[in-house]
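Q: Pasting a structure below so you can have a look.
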Amino acid sequence: MTTHTPFPNDFLWGGATAANQYEGAYLSDGKGLSLVDILPDAHHGRWAALTHPKEAQATQYDFYPSHESVDFYHHYEEDLRLMAEMGFKTYRFSISWPRIFPNGDDLTPNEAGLAFYDRIIDLCRALQIEPLVTINHFDTPLAMLNKCNGWADRQMIDHYLRFCDVLFKHYKGKVHYWLTFNEINMILHIPFLGGGMDVSDAAHPDQIKYQASHHQLVASALATKLAHDIDPDNQIGCMLAAGETYPNTPNPDDVFKALETNREGYFFIDVQSRGTYPNYAKRLFKAKEIVLEMAPDDEAILKANTVDFISFSYYSSRLTSADPAVNNQTEGNVFASLKNPYLKTSEWGWQTDGLGLRITMNQLYDRYQKPLFIVENGLGARDTVTADGQIHDDYRIAYLQENITAMGQAIADGVPCIGYTSWGCIDLISAGSGEMAKRYGYVYVDRDNDGNGTLARTPKDSFYWYQKVIKTNGSVL
Ligand code: BGP
């Protein structure tokens, strides 16, 4: 009996991590400080440090979660073998910029840093796992904050391209899938992580944020050109923190508010995929008194170098209202959202909405007609090790089942999708809270919020469940 699956035969199943939340070894082998290396965890003021990074730099906290993380730097072999045991076809990871260029503006790369990624990429290839590399995932070198307020300054384009040039040449023929910036739209919400800059004292923060966004958009277009010039087989993706925003009621005011909220994210992808600033952005700039400084060739560069595929993270949908009295009840530090009464909510306030993923995929494909790649999805939850030493994470399996089912339905709707990498496949540090307790993995790592633990790795129930999903190409969920 053949079992039906909507997933294509070459569908890239896998998992995702990011250097700054996973590697640790924050000063080993010549690495410079990354943005996150000055951030404490949620219990020691992470949000205040994120919004006032210059003050955070001057503070001595007791504990910096990124310094050791779960020490992938020394556990990479074990972890990659666990990924292979699950059957991963792809592994998404980021290359730490300050590991290669410790100060950001160095002229030559740190060879010891490259040697680490050589080991990762070579082992991936030996295990038949296709590497998917994020070039910048929330870890612009910290030195650039002090030298030029990060991406607020146009010189960052050159520093970033020097980094890209090294990667594209060094990994030519070994890496084919690249993402230029993780969740590029997050620069508007968490400018320090997204743009390596401090806007806390700025008279007109939106001016700085959109100017920095322009620099990243030009950098992304030039990186796309460079990647294609160096190896025509390279496939370059943009990366959006996605999740459709719904209107709170059928009131047209709410519907229009939802449309505008969705455009805050689509704005970036419109430029990266269609090659021009959308008209609604020009109107927004006028309303907010934002004047973008552009170099004479910028528009032509954006037009000529659009991405090959659209990647995105999806955790949940969001809900908004045009009525300020109602919208005041939104929750969440990064993405404010009203609580949707039809959805379940996690301990960290994130809601589960599988159908929202199907809606998001259909919207993205209708808008861009380029293949999609889901590069983050998952449930952050507290896990308990039971007396038998196991982790029975049925809640995580339920979330993933709902989301992967929805992904299959979107593919059956006619949306092309290259692959799926669930977030934090091995437990790692949470970006928002800096905590270890908020876990996403198929593999449990023995480490707590204060940095205690043996770092031992234990497969959870979800490990064996995902192994079967991959083996059956999504026909058994
Ligand atoms: C995305 C980031 C990831 C990841 C994820 C989960 O925004 O790209 O780096 O951390 O969110 O968020 P958190 O770790 O805050 O639960």
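Every chain in the structure tokens has a letter given in the order shown (A, B, ...), and although residue numbers restart at 1 in each chain, ligands are simply numbered from 1 in the order shown.
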Please, which residues have at least one atom within 6 Å of an atom of ligand 1, using only C-alpha atoms and all ligand atoms, listed as a PyMOL selection string?

A: chain A and resi 380+430-433

Q: Out of range 184-406 of chain A, which residues get helix (DSSP H, G or I) from DSSP, as an MDAnalysis selection string?

A: chainID A and resid 184:188 191:195 205:230 252:274 279:287 298:304 324:327 354:368 394:406

Q: Residues near Ile429 in chain A, anyone? I mean within 9 Å using only C-alpha atoms, not counting same-chain ones fewer than 4 positions away, as an MDAnalysis selection string.

A: chainID A and resid 20:22 65:66 69:70 424 433:439 449

Q: Save out the residues we just selected, C-alpha atoms, as a CSV table (one decimal), in the first residue's frame.

A:
chain,number,residue,atom,x,y,z
A,20,ASN,CA,25.3,33.0,19.2
A,21,GLN,CA,22.7,30.8,21.0
A,22,TYR,CA,24.4,27.5,20.5
A,65,PRO,CA,24.2,32.9,28.8
A,66,SER,CA,25.9,33.0,25.5
A,69,SER,CA,25.6,28.2,25.8
A,70,VAL,CA,25.4,24.4,25.2
A,424,GLY,CA,16.5,24.8,18.1
A,433,SER,CA,14.7,35.6,27.3
A,434,GLY,CA,18.3,34.3,27.4
A,435,GLU,CA,16.9,31.4,29.3
A,436,MET,CA,17.7,27.7,28.9
A,437,ALA,CA,14.4,26.7,30.4
A,438,LYS,CA,12.6,27.7,27.1
A,439,ARG,CA,13.5,24.6,25.0
A,449,ASN,CA,19.3,28.9,33.5

Q: Env of Thr140 in chain A: 12 Å cut, atoms = only C-alpha atoms, seq-sep filter 2 positions within chain, self excluded. Answer as an MDAnalysis selection string.

A: chainID A and resid 19:20 32:37 94:105 135:138 142:146 149:151 156:157 159:160 163 181:182 191:197 216

Q: Show me a table, sorted first by chain and then by increasing residue number, of the residues of range 326-404 of chain A having an atom at most 6 Å from range 301-310 of chain A, each with its shortest atom pair and the distance in Å to one decimal, counting only C-alpha atoms and written as a Markdown table.

A:
| residue | atom | partner | partner_atom | distance |
| --- | --- | --- | --- | --- |
| A:Lys370 | CA | A:Phe309 | CA | 5.5 |
| A:Pro371 | CA | A:Phe309 | CA | 5.1 |
| A:Leu372 | CA | A:Ile310 | CA | 4.8 |
